[in-house]
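K.L.:
Would you mind keeping the following structure in view while I ask a few things?
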Amino acid sequence: MSDKLNITINGFQVSVKKNTTILEAADEQGIRIPTLCYHKDLCIAGNCRVCVVEVVGQKRLSAACATPCEEGMEILTNSLKVRNSRKHIIELLLSEHNADCTKCYRNGNCELQELASEYKIMTQDFIELVPLKNYTIDAFSPSIIKDDSKCIRCQRCVRTCAELQGVNALTVSHKGDKMKITTFFEKNMNQVVCTNCGQCVNHCPTGALVEKNYIEEVWEAIADPTKHVVVQTAPAVRVGLGEELGLPSGSRVTGKMVSALKRLGFDSVLDTDFTADLTIMEEGTELLTRLKKALVDKDENVALPMATSCSPGWIKYIEHMYPEFLNNLSTCKSPQQMFGALVKTYYAKARNLDPENIVSVSIMPCTAKKFEAYRPEMHDSGYRDVDYVLTTRELAILIKQAGLDFNKLDEVKYDRLMGESSGAAVIFGATGGVMEAALRTAYEIVTGREVPFENLNINPVRGMEGVREASIKIEKPAKEWAFLDGVELKCAVAHGLVNAKAVMDAVKSGKADYHFIEIMACPGGCLGGGGQPIPTNPEIRQKRAEAIYAEDSDMPIRKSHLNPEVAKLYKDFLKEPLGEVSHHLLHTKYTKRERY
Amino acid sequence: MANSYLLKRADFIFRNENDWEKILSNSIKKKPADLINELISSELKGRGGAGFPTGLKWKLTSEAKSDVKYVICNADEGEPGTFKDREILSKVPYKVLTAMAVCGYITGAKQGFIYLRGEYKFLEEELYKAIDEFEYYCKEIKLEFKINIFMGSGAYICGEETALMESMEGRRGEPRNKPPFPSIEGYKEKPTVINNVETLAHAYTIFKEGAKKFYDLGVQYSRGTKLFSVSGDTPKPGIYELELGMSLQDFVYEFGDGDTKAVQVGGASGFLVPRKKFKDAAIGFQGKLTGISLPTGGSMMLFNSSRSMFNVLDNYLEFFREESCGQCTPCRVGCQQLLLGIKAVKRGDKPASYLDKLMRLTETMQLTAKCGLGQSVANSFSSIVENFREEMIY
Ligand SMILES: Cc1cc2nc3c(=O)[nH]c(=O)nc-3n(C[C@H](O)[C@H](O)[C@H](O)COP(=O)(O)O)c2cc1C
Ligand code: SF4
Ligand code: SF4
Ligand code: SF4
Ligand code: SF4
Ligand code: FES
């Protein structure tokens, strides 16, 4: 039996694989069928109905996204019947929609707006439903604003939160005209299990879910002559930002980004990668210490596996869902928060600045980092450690507002003191990167030799598989690590909270005996973060990942422990990993949270 | 043919000869293929909505490859003013249970469910008693078949077969995309036969009396009898079993109050037939004016000249606006626009020609809505607006 089907699309004969949907078949022929509820990351909903097409001989139109091709099908994607129906549907959506595009955060990057423009919906014959709706705006979360008046009820957010994240913070409630997207008991977003990961924001086609932006606050700080404004940029921003500024996915724009930040008026442009390297020193030492306690001291209370703590979405998730495992989390703050604590202490002292006058801004691929910066425990410098967190998208807005022609900018290097980094730090931006960076350093500390992988590329922990496992056998360790001789270090990597759940359930049931697990809340890791450019999909994330690994390969230093600025930091300030100062500034504790 | 057809009452469904044990044990001595052929040649069509041929439905599931299959009896009966399924389940539950078990025997399903409308909770205890006795007998004749009751959640849309399955699986009752159809991928993604209560009761009759007896009743494309819930301006409201295919004229002679202005055939999702067209309308699956379906409840509502057709339509639209599951655009927003639209025309806020725009909207809803609810709003809307346009405007 052939696995091909013969169909015609708009009169042209084509042959497609079995189980191809009409939407995919048309796409292969270069025919775009408009969609709204469809998203490559998600299961098919088939509820918006803008993708309807005509299948000759059938009484009704078919949703292209949800209908598999069948032998002999004659499909019309642009017949008059199709056009009229589609136009009707767009008009209906707009009649229920608060379409004040000029005041909307997604103006210019909105799937509904694009469709309305494409179909030239110039009038509104239907009755405006918006005034009858009692729409509300929920702006209580420090990360996310939910504006129901912009919602087209495509349920992409609901599917995202359930399928990618396994959180189910968002659900559908009510039916008929009252049907809406809501939370448990219609509580505000800051009162529910929401992890602030922002994946729903990244997957929303409209302005109904957006990040809470701090653009004006940052402009004000820059304009204030009494303030010294420091900015740090996370690893994944440099492989995403270009997309917002007209470059293809996977463009590496590190140098241009630094240049742009300087032109925007930041007093010092520094790199979160620096504290990523620092994280490896602290977290690697923490792991080895835990292993020693478990293997040598036979301490039963040591919590293993140890889990990474760089992803604040993951942190909030485990606080809600697996509070009994909080001791398994590394006590290390995320690189952003380590950076914030150091800027107002170490950096202030070295540059002879009053920390009172420092404004610390971070550019993150992440909306959960906004929440993280706002956590009450993140004031270890004596001030709020990170004042404002902007997403990659917000940075692009600053750049556009400043009128910079991004492509024409020259490539500039980060400022010094907390601007130097290694290739191990930049891969923090991809799933598996923290694991790889930690192994590069820990293995070398323990054995005195480089990890046994070609070019330091630990391929088993790379890739986009939801959960990946690897183990590395420690042989001939240095004297002080003799207890690790022959130990097979078992690791797991997961990205997307639904995969985190799989790993945690395996740990909980005793099925898994990992020593170390890396978990990132977002699909693909930070490069697919909730603050990255929209759209996102598997191909785009793949391109960003390739760019990240290319950045790593091109770095002169590829291992965190060789970062000279980190060495200097220990020498001048911290003294040693897990030392007293570190303990105070770089480590944190976690809070059990309710599960709704 | 419909014109000269005379009203005939029938009595199959509620006639109870307490012979279910015999019918069951005899049926499972026959070959599944023979039973299916019997059903197919009776031309029984589903009494729950879409009028799909029941024999074919069972055949599809019997041919589907799977170790696990299910039979579901749809007793959600959500259409306002209908309660024929309730009557069947309380008066002749064994007929329904037997038909489910025979269906299980034919298709290979070993588990059956009755999806019982929330408001019918009071039937649950009696039904479980019947199920206990029934399962005991199945064991005796070595037929492996269990039946459970699943209580519905009270939403009209949960009567739609795939929304019903979603709700049984613990999710929100929203219709699924079709294909896949339940016969191949239904409850828990397993091949599932889902039938209306009344359909199963007719299947019992066919297993008992043979296909021919059923086929000989009714007219072409509409064989057998059907329960109707007669309501509205009638001196004799109630449930009646009637042969299919009778003319609406005959029906009105029998049930009207002498001043019948119009009859709504098939409830809110059905069609309104005005007096001048009674002669031309037959009550069946392919009635000229009533489209191809004979929707859910077999509801027949009579209106006399005191009724405002605007109010009638207004009520139906209000019902749809609330009972739409709300997931798909044409239905969720369309229902709101239709309801507000006719009010605006009535008030004079929109010109009479706005009704034509709304008629085109119902066409779009029919073409593009995801399930039968949104697709059938056009039926009552267009038949009422076309026939009583003045009443909509003035
Ligand atoms: C909105 C809607 C509501 C429905 N409600 C019912 C119902 O209450 N009972 C029922 O048997 N079928 C109902 N149906 C029809 C079912 O989807 C399905 O077609 C039927 O259960 C199949 O059984 P049958 O072949 O025996 O008719 C409904 C359909 C729609 C679209
Ligand atoms: S969500 Fe889109 S269509 Fe709606 S107001 Fe914003 S930009 Fe305009
Ligand atoms: S919030 Fe956005 S993603 Fe969610 S249903 Fe509304 S429009 Fe769709
Ligand atoms: S931010 Fe993340 S956890 Fe919160 S609702 Fe959105 S997808 Fe769910
Ligand atoms: S047609 Fe109506 S009831 Fe059916 S799926 Fe769409 S919104 Fe829900
Ligand atoms: S994209 Fe197909 S129905 Fe929404």
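The chains in the structure tokens are called A, B, ... from first to last as shown; in each chain the residues are counted from 1, and the ligands are counted from 1 in the order shown.
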Counting only C-alpha atoms, which residues from chain A have an atom at most 6 Å from any atom of chain B, and could you show them as an MDAnalysis selection string?

P.N.:
chainID A and resid 47:48 60:61 85 92 175:177 179

K.L.:
Pick out the residues no farther than 7 Å from ligand 4, counting only C-alpha atoms and all ligand atoms, and list them as a list in words.

P.N.:
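Within the 7 Å cut-off, the matching residues are Cys157, Thr160, Cys161, Gln165, Val167, Asn168, Ala169, Leu170, Val193, Cys194, Thr195, Asn196, Cys197, Gly198, Gln199, Cys200 and Val201 of chain A.
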
K.L.:
Name the residues of range 214-363 of chain B that come out as helix (DSSP H, G or I) in a backbone DSSP run; write them as a count of residues only.

P.N.:
63

K.L.:
Would you please work out which residue, of B:Ala262, B:Ile131, B:Ala281, B:Leu56, is nearest to ligand 1 when using only C-alpha atoms and all ligand atoms?

P.N.:
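Among B:Ala262, B:Ile131, B:Ala281, B:Leu56, it is B:Leu56 that comes nearest to ligand 1.
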
K.L.:
Which residues are close to Val230 in chain A, i.e. within 9 Å by only C-alpha atoms, leaving aside same-chain residues fewer than 2 positions away? Reply as an NGL selection string.

P.N.:
:A and (228 or 232 or 266-270 or 343 or 358-362)

K.L.:
Write a file of the selected residues as a JSON list (two decimals), in the first residue's frame, keeping C-alpha atoms.

P.N.:
[["chain", "number", "residue", "atom", "x", "y", "z"],
["A", 228, "HIS", "CA", 24.58, 55.02, 37.35],
["A", 232, "GLN", "CA", 23.36, 42.92, 32.13],
["A", 266, "PHE", "CA", 23.51, 52.71, 29.84],
["A", 267, "ASP", "CA", 26.54, 53.62, 31.90],
["A", 268, "SER", "CA", 27.95, 50.17, 31.90],
["A", 269, "VAL", "CA", 27.07, 47.24, 29.64],
["A", 270, "LEU", "CA", 27.86, 43.96, 31.33],
["A", 343, "VAL", "CA", 26.57, 45.01, 41.24],
["A", 358, "ILE", "CA", 23.05, 52.38, 41.03],
["A", 359, "VAL", "CA", 20.09, 51.26, 38.96],
["A", 360, "SER", "CA", 20.50, 47.67, 37.92],
["A", 361, "VAL", "CA", 18.69, 46.60, 34.78],
["A", 362, "SER", "CA", 18.70, 43.20, 33.22]]

K.L.:
Extract the full set of strand (DSSP E or B) residues from range 178-392 of chain B according to DSSP on the backbone, and format it as a PyMOL selection string.

P.N.:
chain B and resi 192-196+218-219+222-223+225-232+238-243+247+260-265+271-274+282+299-304

K.L.:
Any residue with an atom at most 9 Å from ligand 6 counts, using only C-alpha atoms and all ligand atoms. Which are they? Put them as number ranges by chain.

P.N.:
A: 23, 33-39, 44-52, 62-67, 154; B: 328, 370

K.L.:
I'd like the neighbourhood of Phe122 in chain B as a list in words, where a residue qualifies if any of its atoms comes within 12 Å (using only C-alpha atoms), though same-chain residues fewer than 3 positions away should be ignored.

P.N.:
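Listing them by chain and then by number gives Arg86, Leu89, Ser90, Leu116, Arg117, Gly118, Glu119, Glu125, Glu126, Leu127, Tyr128 and Met151 of chain B.
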
K.L.:
Could you pull the residues within 10 Å of Met165 in chain B, counting only C-alpha atoms, minus those fewer than 4 positions along the same chain, as JSON, numbers by chain?

P.N.:
{"B": [72, 115, 158, 159, 160, 161, 169, 170, 171, 172, 173, 174, 175, 176, 182, 186, 187, 188, 189, 192, 194]}

K.L.:
Within 7 Å of Ile222 in chain A, counting only C-alpha atoms, which residues show up once you throw out same-chain ones fewer than 3 positions away? Write them as a PyMOL selection string, please.

P.N.:
chain A and resi 218-219+229+265-266

K.L.:
Could you please extract the residues within 9 Å of ligand 1, counting only C-alpha atoms and all ligand atoms, and hand them back as an MDAnalysis selection string?

P.N.:
chainID B and resid 45:54 57 72:79 85 117 156:164 175 193:200 269 295:297 323:325 371:376

K.L.:
Write out the residues from the selection above, keeping N, CA and C atoms, as a short mmCIF file (atom, residue, chain, number, x, y, z; two decimals), in the first residue's frame.

P.N.:
data_model
loop_
_atom_site.label_atom_id
_atom_site.label_comp_id
_atom_site.auth_asym_id
_atom_site.auth_seq_id
_atom_site.Cartn_x
_atom_site.Cartn_y
_atom_site.Cartn_z
N LYS B 45 -32.50 4.65 11.49
CA LYS B 45 -31.57 5.76 11.60
C LYS B 45 -31.62 6.32 13.01
N GLY B 46 -30.50 6.89 13.43
CA GLY B 46 -30.39 7.39 14.80
C GLY B 46 -31.49 8.38 15.15
N ARG B 47 -32.01 8.25 16.35
CA ARG B 47 -33.07 9.14 16.81
C ARG B 47 -32.53 10.28 17.68
N GLY B 48 -31.23 10.44 17.69
CA GLY B 48 -30.66 11.43 18.60
C GLY B 48 -30.25 12.72 17.93
N GLY B 49 -30.18 12.73 16.61
CA GLY B 49 -29.74 13.98 16.01
C GLY B 49 -29.48 13.86 14.53
N ALA B 50 -28.31 13.33 14.20
CA ALA B 50 -27.87 13.40 12.81
C ALA B 50 -28.55 12.37 11.90
N GLY B 51 -29.27 11.42 12.48
CA GLY B 51 -29.97 10.45 11.65
C GLY B 51 -29.04 9.51 10.90
N PHE B 52 -27.95 9.18 11.52
CA PHE B 52 -26.98 8.28 10.88
C PHE B 52 -27.50 6.84 10.94
N PRO B 53 -27.36 6.07 9.83
CA PRO B 53 -27.87 4.69 9.84
C PRO B 53 -27.20 3.85 10.95
N THR B 54 -28.03 3.31 11.82
CA THR B 54 -27.51 2.64 13.01
C THR B 54 -26.71 1.38 12.66
N LYS B 57 -23.30 2.23 11.57
CA LYS B 57 -22.49 2.70 12.70
C LYS B 57 -21.91 1.51 13.46
N ILE B 72 -21.99 3.45 24.24
CA ILE B 72 -22.56 4.49 25.10
C ILE B 72 -24.00 4.76 24.70
N CYS B 73 -24.84 4.82 25.72
CA CYS B 73 -26.22 5.21 25.50
C CYS B 73 -26.34 6.69 25.87
N ASN B 74 -26.72 7.49 24.91
CA ASN B 74 -26.80 8.93 25.12
C ASN B 74 -28.17 9.28 25.72
N ALA B 75 -28.18 9.52 27.02
CA ALA B 75 -29.42 9.89 27.72
C ALA B 75 -29.28 11.28 28.30
N ASP B 76 -28.67 12.15 27.52
CA ASP B 76 -28.46 13.52 28.02
C ASP B 76 -29.70 14.37 27.82
N GLU B 77 -30.51 14.00 26.87
CA GLU B 77 -31.81 14.64 26.60
C GLU B 77 -31.91 16.09 27.07
N GLY B 78 -31.21 16.97 26.33
CA GLY B 78 -31.14 18.36 26.76
C GLY B 78 -32.13 19.29 26.09
N GLU B 79 -32.76 18.86 25.03
CA GLU B 79 -33.67 19.73 24.28
C GLU B 79 -34.82 20.14 25.20
N ASP B 85 -36.79 10.21 26.34
CA ASP B 85 -35.75 9.26 26.75
C ASP B 85 -35.92 8.89 28.23
N ARG B 117 -28.51 12.44 31.88
CA ARG B 117 -28.67 13.88 32.15
C ARG B 117 -28.71 14.14 33.65
N TYR B 156 -26.22 21.59 27.85
CA TYR B 156 -26.89 21.05 26.65
C TYR B 156 -25.87 20.46 25.68
N ILE B 157 -24.74 21.14 25.54
CA ILE B 157 -23.76 20.72 24.54
C ILE B 157 -23.19 19.35 24.86
N CYS B 158 -23.28 18.92 26.12
CA CYS B 158 -22.74 17.60 26.46
C CYS B 158 -23.53 16.47 25.84
N GLY B 159 -24.68 16.78 25.23
CA GLY B 159 -25.39 15.75 24.48
C GLY B 159 -24.75 15.46 23.14
N GLU B 160 -23.97 16.41 22.64
CA GLU B 160 -23.23 16.18 21.40
C GLU B 160 -22.21 15.09 21.69
N GLU B 161 -22.14 14.11 20.81
CA GLU B 161 -21.43 12.88 21.17
C GLU B 161 -19.97 13.06 21.57
N THR B 162 -19.25 13.94 20.87
CA THR B 162 -17.83 14.06 21.23
C THR B 162 -17.64 14.94 22.47
N ALA B 163 -18.52 15.93 22.65
CA ALA B 163 -18.46 16.72 23.89
C ALA B 163 -18.78 15.82 25.07
N LEU B 164 -19.71 14.92 24.85
CA LEU B 164 -20.08 13.95 25.88
C LEU B 164 -18.87 13.12 26.29
N PRO B 175 -17.09 19.98 21.90
CA PRO B 175 -17.03 19.04 20.78
C PRO B 175 -15.63 18.94 20.18
N VAL B 193 -19.44 2.92 19.95
CA VAL B 193 -20.77 3.15 19.39
C VAL B 193 -21.51 4.05 20.36
N ILE B 194 -22.05 5.15 19.86
CA ILE B 194 -22.90 5.96 20.73
C ILE B 194 -24.26 6.11 20.08
N ASN B 195 -25.28 5.77 20.84
CA ASN B 195 -26.65 5.87 20.33
C ASN B 195 -27.56 6.53 21.34
N ASN B 196 -28.55 7.15 20.79
CA ASN B 196 -29.61 7.73 21.59
C ASN B 196 -30.42 6.60 22.25
N VAL B 197 -31.03 6.90 23.38
CA VAL B 197 -31.86 5.94 24.11
C VAL B 197 -32.91 5.32 23.19
N GLU B 198 -33.58 6.20 22.45
CA GLU B 198 -34.69 5.71 21.62
C GLU B 198 -34.18 4.82 20.49
N THR B 199 -33.05 5.17 19.92
CA THR B 199 -32.48 4.34 18.85
C THR B 199 -32.28 2.92 19.36
N LEU B 200 -31.77 2.81 20.59
CA LEU B 200 -31.51 1.49 21.16
C LEU B 200 -32.82 0.74 21.39
N SER B 269 -33.22 23.50 17.26
CA SER B 269 -32.35 23.33 16.10
C SER B 269 -33.13 22.91 14.86
N PRO B 295 -34.23 16.47 14.37
CA PRO B 295 -33.33 16.66 15.50
C PRO B 295 -33.82 16.08 16.83
N THR B 296 -32.86 16.11 17.69
CA THR B 296 -32.81 15.38 18.95
C THR B 296 -34.12 14.87 19.51
N GLY B 297 -34.90 15.77 20.07
CA GLY B 297 -35.97 15.28 20.91
C GLY B 297 -37.22 14.83 20.19
N GLU B 323 -26.15 28.25 25.38
CA GLU B 323 -25.80 26.82 25.38
C GLU B 323 -24.69 26.47 24.40
N SER B 324 -24.31 27.38 23.54
CA SER B 324 -23.13 27.17 22.72
C SER B 324 -21.98 26.89 23.69
N CYS B 325 -21.10 25.97 23.34
CA CYS B 325 -19.99 25.73 24.27
C CYS B 325 -19.06 26.93 24.28
N CYS B 371 -19.60 22.16 15.32
CA CYS B 371 -20.50 21.03 15.60
C CYS B 371 -21.93 21.36 15.21
N GLY B 372 -22.79 20.38 15.41
CA GLY B 372 -24.17 20.48 15.01
C GLY B 372 -24.92 21.64 15.63
N LEU B 373 -24.52 22.07 16.80
CA LEU B 373 -25.24 23.17 17.43
C LEU B 373 -25.13 24.44 16.59
N GLY B 374 -23.91 24.87 16.37
CA GLY B 374 -23.72 26.09 15.60
C GLY B 374 -24.21 25.95 14.16
N GLN B 375 -24.05 24.75 13.61
CA GLN B 375 -24.44 24.54 12.22
C GLN B 375 -25.95 24.63 12.04
N SER B 376 -26.70 24.31 13.11
CA SER B 376 -28.15 24.23 12.89
C SER B 376 -28.92 25.46 13.36
#

K.L.:
For ligand 2, collect every residue having any atom at a distance of at most 9 Å from a ligand atom (counting only C-alpha atoms and all ligand atoms); output as a list in words.

P.N.:
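Checking only C-alpha atoms and all ligand atoms against ligand 2 at 9 Å gives Leu94, His97, Asn98, Ala99, Asp100, Cys101, Thr102, Lys103, Cys104, Tyr105, Arg106, Asn107, Gly108, Asn109, Cys110, Glu111, Leu112, Gln113, Glu114, Leu115, Ala116, Ser149, Lys150, Cys151, Ile152, Pro205, Thr206, Gly207 and Ala208 of chain A.
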
K.L.:
Between CA of Arg238 in chain A and CA of Arg462 in chain A, what is the spacing in Å?

P.N.:
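Answer for the CA of Arg462 in chain A to CA of Arg238 in chain A separation: 19.1 Å.
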
K.L.:
For CA of Ser259 in chain A and CA of Leu398 in chain A, determine how far apart the two atoms are, in Å to one decimal place.

P.N.:
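According to the coordinates, CA of Ser259 in chain A and CA of Leu398 in chain A are separated by 13.1 Å.
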
K.L.:
For CA of Leu76 in chain A and atom 4 (Fe, counted along the ligand's line) of ligand 5, quote the distance in Å rounded to one decimal.

P.N.:
23.7 Å

K.L.:
Compile the contact shell of Thr431 in chain A as a list in words: residues with an atom at most 10 Å away, counting only C-alpha atoms, same-chain residues fewer than 6 positions apart removed.

P.N.:
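Counting only C-alpha atoms, the residues come to Val461, Arg462, Gly463, Met464, Glu465, Gly466, Val467, Arg468, Val493, Ala494, His495, Gly496, Glu518, Ile519, Met520, Ala521, Cys522, Pro523, Gly524, Gly525, Cys526, Leu527, Gly528 and Ala545 of chain A.
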
K.L.:
Output all heavy atoms for every residue in that selection, as a short mmCIF file (atom, residue, chain, number, x, y, z; two decimals), in the first residue's frame.

P.N.:
data_model
loop_
_atom_site.label_atom_id
_atom_site.label_comp_id
_atom_site.auth_asym_id
_atom_site.auth_seq_id
_atom_site.Cartn_x
_atom_site.Cartn_y
_atom_site.Cartn_z
N VAL A 461 24.02 15.63 26.20
CA VAL A 461 23.09 16.51 26.91
C VAL A 461 22.53 17.61 26.00
O VAL A 461 21.72 18.42 26.42
CB VAL A 461 23.70 17.13 28.19
CG1 VAL A 461 24.11 16.03 29.16
CG2 VAL A 461 24.88 18.03 27.87
N ARG A 462 22.96 17.63 24.75
CA ARG A 462 22.42 18.63 23.82
C ARG A 462 21.20 18.08 23.11
O ARG A 462 20.89 16.90 23.19
CB ARG A 462 23.48 18.99 22.78
CG ARG A 462 24.69 19.67 23.39
CD ARG A 462 25.64 20.19 22.33
NE ARG A 462 26.80 20.85 22.96
CZ ARG A 462 27.77 21.45 22.28
NH1 ARG A 462 27.72 21.51 20.96
NH2 ARG A 462 28.77 22.01 22.93
N GLY A 463 20.51 18.93 22.37
CA GLY A 463 19.38 18.48 21.58
C GLY A 463 18.06 18.95 22.14
O GLY A 463 18.03 19.70 23.13
N MET A 464 16.96 18.54 21.50
CA MET A 464 15.65 19.06 21.85
C MET A 464 14.72 17.98 22.41
O MET A 464 13.54 18.22 22.63
CB MET A 464 15.00 19.72 20.64
CG MET A 464 15.66 21.04 20.25
SD MET A 464 15.42 22.33 21.51
CE MET A 464 16.48 23.63 20.88
N GLU A 465 15.24 16.78 22.63
CA GLU A 465 14.45 15.73 23.29
C GLU A 465 14.00 16.26 24.65
O GLU A 465 14.79 16.89 25.35
CB GLU A 465 15.35 14.50 23.43
CG GLU A 465 14.66 13.19 23.67
CD GLU A 465 13.73 12.82 22.54
OE1 GLU A 465 14.10 13.02 21.36
OE2 GLU A 465 12.63 12.35 22.85
N GLY A 466 12.74 16.01 25.03
CA GLY A 466 12.20 16.61 26.26
C GLY A 466 12.98 16.27 27.51
O GLY A 466 13.24 17.13 28.35
N VAL A 467 13.36 15.01 27.63
CA VAL A 467 14.18 14.58 28.77
C VAL A 467 15.38 13.83 28.19
O VAL A 467 15.22 12.97 27.34
CB VAL A 467 13.41 13.63 29.71
CG1 VAL A 467 14.32 13.14 30.83
CG2 VAL A 467 12.17 14.31 30.27
N ARG A 468 16.56 14.22 28.63
CA ARG A 468 17.76 13.51 28.14
C ARG A 468 18.58 13.06 29.35
O ARG A 468 18.65 13.76 30.35
CB ARG A 468 18.60 14.43 27.26
CG ARG A 468 17.81 15.00 26.10
CD ARG A 468 18.65 15.83 25.14
NE ARG A 468 19.19 17.05 25.71
CZ ARG A 468 18.49 18.15 25.96
NH1 ARG A 468 17.19 18.18 25.72
NH2 ARG A 468 19.07 19.22 26.47
N VAL A 493 18.49 15.96 32.01
CA VAL A 493 18.21 17.32 31.56
C VAL A 493 16.76 17.35 31.09
O VAL A 493 16.33 16.46 30.36
CB VAL A 493 19.14 17.68 30.38
CG1 VAL A 493 18.70 18.98 29.74
CG2 VAL A 493 20.58 17.75 30.84
N ALA A 494 16.00 18.36 31.52
CA ALA A 494 14.62 18.48 31.04
C ALA A 494 14.32 19.95 30.75
O ALA A 494 14.83 20.83 31.42
CB ALA A 494 13.65 17.95 32.09
N HIS A 495 13.53 20.17 29.73
CA HIS A 495 13.11 21.55 29.42
C HIS A 495 11.63 21.54 29.10
O HIS A 495 11.13 20.60 28.50
CB HIS A 495 13.93 22.13 28.27
CG HIS A 495 13.84 21.34 26.99
ND1 HIS A 495 13.45 21.89 25.79
CD2 HIS A 495 14.07 20.03 26.74
CE1 HIS A 495 13.45 20.95 24.86
NE2 HIS A 495 13.83 19.82 25.40
N GLY A 496 10.95 22.61 29.50
CA GLY A 496 9.48 22.60 29.44
C GLY A 496 9.02 21.93 30.71
O GLY A 496 9.49 20.85 31.07
N GLU A 518 19.27 19.04 35.47
CA GLU A 518 19.12 20.42 35.00
C GLU A 518 17.71 20.60 34.49
O GLU A 518 17.25 19.83 33.65
CB GLU A 518 20.10 20.72 33.86
CG GLU A 518 19.93 22.15 33.34
CD GLU A 518 20.25 22.32 31.85
OE1 GLU A 518 21.43 22.29 31.50
OE2 GLU A 518 19.30 22.50 31.06
N ILE A 519 17.03 21.60 35.00
CA ILE A 519 15.68 21.85 34.52
C ILE A 519 15.51 23.30 34.13
O ILE A 519 15.89 24.21 34.86
CB ILE A 519 14.65 21.42 35.57
CG1 ILE A 519 14.73 19.89 35.72
CG2 ILE A 519 13.25 21.84 35.14
CD1 ILE A 519 13.77 19.28 36.65
N MET A 520 15.00 23.48 32.93
CA MET A 520 14.66 24.82 32.43
C MET A 520 13.16 24.85 32.18
O MET A 520 12.61 23.92 31.58
CB MET A 520 15.40 25.12 31.12
CG MET A 520 16.90 25.21 31.28
SD MET A 520 17.37 26.62 32.29
CE MET A 520 18.94 26.03 32.91
N ALA A 521 12.52 25.92 32.58
CA ALA A 521 11.06 25.97 32.47
C ALA A 521 10.59 26.03 31.03
O ALA A 521 9.49 25.58 30.72
CB ALA A 521 10.52 27.18 33.24
N CYS A 522 11.41 26.57 30.15
CA CYS A 522 10.89 26.84 28.80
C CYS A 522 11.38 25.84 27.77
O CYS A 522 12.48 25.31 27.90
CB CYS A 522 11.25 28.26 28.39
SG CYS A 522 10.34 29.46 29.37
N PRO A 523 10.58 25.60 26.73
CA PRO A 523 10.99 24.66 25.69
C PRO A 523 12.25 25.14 24.99
O PRO A 523 12.30 26.26 24.51
CB PRO A 523 9.80 24.61 24.73
CG PRO A 523 8.83 25.63 25.19
CD PRO A 523 9.26 26.18 26.50
N GLY A 524 13.25 24.30 24.95
CA GLY A 524 14.51 24.67 24.34
C GLY A 524 15.45 25.36 25.32
O GLY A 524 16.57 25.69 24.97
N GLY A 525 14.97 25.60 26.53
CA GLY A 525 15.75 26.39 27.49
C GLY A 525 15.46 27.87 27.30
O GLY A 525 14.47 28.24 26.67
N CYS A 526 16.35 28.72 27.82
CA CYS A 526 16.09 30.17 27.78
C CYS A 526 15.94 30.71 26.37
O CYS A 526 15.26 31.71 26.15
CB CYS A 526 17.21 30.93 28.48
SG CYS A 526 17.52 30.32 30.13
N LEU A 527 16.57 30.06 25.39
CA LEU A 527 16.45 30.57 24.02
C LEU A 527 15.01 30.52 23.55
O LEU A 527 14.62 31.23 22.61
CB LEU A 527 17.38 29.79 23.07
CG LEU A 527 17.21 28.27 22.97
CD1 LEU A 527 16.18 27.90 21.93
CD2 LEU A 527 18.54 27.62 22.65
N GLY A 528 14.21 29.66 24.17
CA GLY A 528 12.78 29.61 23.87
C GLY A 528 11.97 30.27 24.98
O GLY A 528 10.80 29.97 25.17
N ALA A 545 19.37 27.69 18.90
CA ALA A 545 20.28 26.78 19.60
C ALA A 545 21.59 26.66 18.82
O ALA A 545 22.69 26.69 19.40
CB ALA A 545 19.63 25.41 19.77
#

K.L.:
Which residue is closest to ligand 5? Choose from A:Lys571, A:Asp271, A:Lys316, A:Lys178 and count only C-alpha atoms and all ligand atoms.

P.N.:
A:Lys178

K.L.:
Calculated over only C-alpha atoms and all ligand atoms, which of the candidates B:Val377, B:Ser153, B:Phe181, B:Gly270 has the smallest distance to ligand 5?

P.N.:
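Under the stated criterion, the closest residue is B:Val377.
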